[in-house]
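Okay, structure first, notes after.
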Amino acid sequence: MEFLQRAGGALFITMQYVLPQQLLTRGMRWLSSRQTPWVKNLIIRSLTQMFDINIAEADRAVPNGYASANEFFTRELRAGSRPLALAPAWVSPCDGVVSQCGDIENDTLLQAKGFRYSLAELLGDDDVAASYRGGQFVTIYLAPSDYHRVHTPITGLITTHRHIPGQLFSVNNATATAVPRLFSRNERRVFCFGSAGSEAALVMVGALNVGSISTPWGADSEAGALHSVTSLPLPPERLTRGDTLGWFNLGSTVILALPPNVRLEADVKPRAVMRTGQAIAQPVTE
């Protein structure tokens with residue numbers, strides 16, 4: 001049985017190198033955008049059962065309250081579903097499971113046992129990455145069953161909003177333990193925040209079947225649409241801790257880089273379940 005599991009995992013990884021990632025992702029985007037009632041209802045009902053999605057938290061009736069499966073995937077939650085931790089705590093930007101976390105060592109982050117990757121490459125900027133040397137990071141995996149909106153961990157201005165093109169490997173554990181530099185190879189959206197006495201970098205990593213990354217202020221992009229590093233529009237005003245930053249179609253990964261004067265909470269560790277708004281880090285007080 002163990003041999004078969006390993007063989008299946010190896011085949012899954014190999015197929016990702018061979019299959020047309022962009023074409024498959026566009027196909028999933030097309031299917032999830034269908035608004036024919038019986039089609040979108042069938043998809044929504046099938047996926048809620050397959051992934052055991054908690055529909056009680058949804059802000060509308062499921063499935064009839066949503067115009068498409070993608071609208072359901074990117075749903076908002078009922079008011080009060082994700083209360084914010086008390087300030088000055090930094091808050092988790094999303095729901096999901098911590099895949100890795102810890103210190104940023106010589107500009108590198110841990111991806112999985114045996115694999116590290118460059119923060120400068122991930123952010124697409126050596127100078128920006130230098131601000132986080134001596135800091136910490138946390139990587140959160142959003143499964144298809146999770147709430148897919150991403151929120152701001154602190155109050156502040158977004159000073160950088162950049163799209164970096166790349167591939168669309170799956171970002172689940174099997175791929176993270178087999179594909180070197182996975183997160184810095186995949187297509188991604190980079191946000192840098194400026195805040196009083198501190199700053200943060202947040203990366204939304206695209207993945208296979210994640211058809212788009214969107215923001216409330218209309219800076220949207222479909223997978224594969226941008227072929228070079230592109231600076232995207234900034235929000236018209238500063239964002240308050242917990243405001244919506246963007247959303248994924250299906251599951252993916254969020255990486256949060258912290259400066260040296262902010263430290264992760266003790267209970268933030270691999271396999272920990274995170275919920276949007278819970279305390280994820282605290283400023284260091286001297």
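FYI, nothing fancy with the structure tokens labels: chains A, B, ... in order, residues from 1 per chain, ligands from 1 as they appear.
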Would you mind listing what lies within 10 Å of Gly114 of chain A as a compact mmCIF listing (two decimals) with all heavy atoms, in the first residue's frame, with only C-alpha atoms counted and same-chain residues fewer than 2 positions away left out?
```
# COMPACT_ATOMS: atom_id res chain seq x y z
N LEU A 110 11.82 28.19 4.61
CA LEU A 110 11.66 26.74 4.51
C LEU A 110 10.38 26.43 3.75
O LEU A 110 9.30 26.90 4.11
CB LEU A 110 11.61 26.12 5.91
CG LEU A 110 11.45 24.59 5.97
CD1 LEU A 110 12.66 23.90 5.35
CD2 LEU A 110 11.25 24.15 7.42
N GLN A 111 10.51 25.63 2.71
CA GLN A 111 9.34 25.17 1.95
C GLN A 111 8.87 23.82 2.48
O GLN A 111 7.69 23.61 2.74
CB GLN A 111 9.69 25.05 0.47
CG GLN A 111 8.60 24.43 -0.39
CD GLN A 111 9.00 24.38 -1.84
OE1 GLN A 111 9.39 25.38 -2.44
NE2 GLN A 111 8.94 23.19 -2.43
N ALA A 112 9.80 22.90 2.62
CA ALA A 112 9.54 21.56 3.16
C ALA A 112 10.89 20.95 3.48
O ALA A 112 11.94 21.52 3.14
CB ALA A 112 8.80 20.70 2.14
N ARG A 116 14.57 24.80 0.54
CA ARG A 116 14.46 26.20 0.94
C ARG A 116 14.39 27.04 -0.34
O ARG A 116 14.80 26.58 -1.42
CB ARG A 116 15.65 26.64 1.80
CG ARG A 116 15.75 25.88 3.12
CD ARG A 116 16.78 26.52 4.06
NE ARG A 116 16.27 27.77 4.61
CZ ARG A 116 15.56 27.86 5.74
NH1 ARG A 116 15.27 26.78 6.44
NH2 ARG A 116 15.15 29.03 6.18
N THR A 177 6.69 19.07 -1.18
CA THR A 177 7.80 18.21 -0.76
C THR A 177 8.56 17.62 -1.94
O THR A 177 9.49 16.83 -1.74
CB THR A 177 7.29 17.06 0.13
OG1 THR A 177 6.29 16.31 -0.58
CG2 THR A 177 6.69 17.59 1.43
N ALA A 178 8.19 18.00 -3.17
CA ALA A 178 8.82 17.39 -4.33
C ALA A 178 9.31 18.38 -5.38
O ALA A 178 10.21 18.05 -6.16
CB ALA A 178 7.85 16.41 -5.00
N PRO A 180 11.22 21.77 -6.17
CA PRO A 180 12.07 22.82 -5.60
C PRO A 180 11.56 24.21 -5.96
O PRO A 180 11.03 24.43 -7.04
CB PRO A 180 13.44 22.56 -6.25
CG PRO A 180 13.40 21.14 -6.71
CD PRO A 180 11.97 20.88 -7.07
```
For Gly218 of chain A, list every protein, DNA or RNA residue within 12 Å, evaluated using only C-alpha atoms, and leave out those in the same chain fewer than 6 positions away; present the list as number ranges by chain.
A: 232-236, 245-247
Give me the residues within 7 Å of Thr240 of chain A as a list of chain:residue names, counting only C-alpha atoms and dropping any in the same chain fewer than 4 places off.
A:Ile154, A:Thr155, A:Gly156
Output for the residues just chosen: all heavy atoms as a PDB file, in the first residue's frame:
```pdb
ATOM      1  N   ILE A 154      -2.470  43.875   9.211  1.00  0.00           N
ATOM      2  CA  ILE A 154      -2.232  45.091   9.982  1.00  0.00           C
ATOM      3  C   ILE A 154      -2.898  46.266   9.275  1.00  0.00           C
ATOM      4  O   ILE A 154      -3.268  46.173   8.103  1.00  0.00           O
ATOM      5  CB  ILE A 154      -0.725  45.414  10.140  1.00  0.00           C
ATOM      6  CG1 ILE A 154      -0.053  45.489   8.754  1.00  0.00           C
ATOM      7  CG2 ILE A 154      -0.039  44.409  11.026  1.00  0.00           C
ATOM      8  CD1 ILE A 154       1.382  45.952   8.788  1.00  0.00           C
ATOM      9  N   THR A 155      -3.032  47.368   9.992  1.00  0.00           N
ATOM     10  CA  THR A 155      -3.535  48.599   9.390  1.00  0.00           C
ATOM     11  C   THR A 155      -2.372  49.359   8.763  1.00  0.00           C
ATOM     12  O   THR A 155      -1.317  49.524   9.386  1.00  0.00           O
ATOM     13  CB  THR A 155      -4.215  49.482  10.457  1.00  0.00           C
ATOM     14  OG1 THR A 155      -5.383  48.806  10.930  1.00  0.00           O
ATOM     15  CG2 THR A 155      -4.619  50.826   9.870  1.00  0.00           C
ATOM     16  N   GLY A 156      -2.551  49.795   7.525  1.00  0.00           N
ATOM     17  CA  GLY A 156      -1.483  50.548   6.885  1.00  0.00           C
ATOM     18  C   GLY A 156      -1.740  50.745   5.408  1.00  0.00           C
ATOM     19  O   GLY A 156      -2.754  50.305   4.856  1.00  0.00           O
TER      20      GLY A 156
END
```
Report as an MDAnalysis selection string all protein, DNA and RNA residues lying within 9 Å of segment 145-149 of chain A, evaluated on only C-alpha atoms, omitting residues in the same chain fewer than 5 positions from it.
chainID A and resid 47:48 50:54 73:77 93:96 244:252 276
Given the choices A:Ala279, A:Ser184, A:Asn173, A:Ile164, which gets closest to Ala143 of chain A if the distance is worked out from only C-alpha atoms?
A:Asn173
Those in segment 20-244 of chain A with strand (DSSP E) from DSSP, as a ChimeraX atom specification:
/A:90-91,96-103,108-112,115-118,136-142,149-151,157-164,188-195,198-205,212-214,221-222,230-231,244
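You can rank A:Arg133, A:Arg263, A:Arg238, A:Arg271 by their closest distance to Gly194 of chain A using only C-alpha atoms, and at the top of that list sits A:Arg238.
You will find atom CA of Gln167 of chain A at 19.4 Å from atom CA of Leu109 of chain A.
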Pick the closest to Met204 of chain A from A:Arg241, A:Lys269, A:Arg181, A:His161: which is it, counting only C-alpha atoms?
A:His161
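Near Gln100 of chain A, within a cut-off of 6 Å and counting only C-alpha atoms, sit the residues A:Val98, A:Thr139, A:Pro270, with same-chain residues fewer than 2 positions away left out.
For the set A:Asn41, A:Ser81, A:Ser198, A:Asn172, the residue with the smallest atom-to-atom gap to Gly135 of chain A is A:Ser198, counting only C-alpha atoms.
Going from atom CA of Ala272 of chain A over to atom CA of Leu142 of chain A, you cover 12.4 Å.
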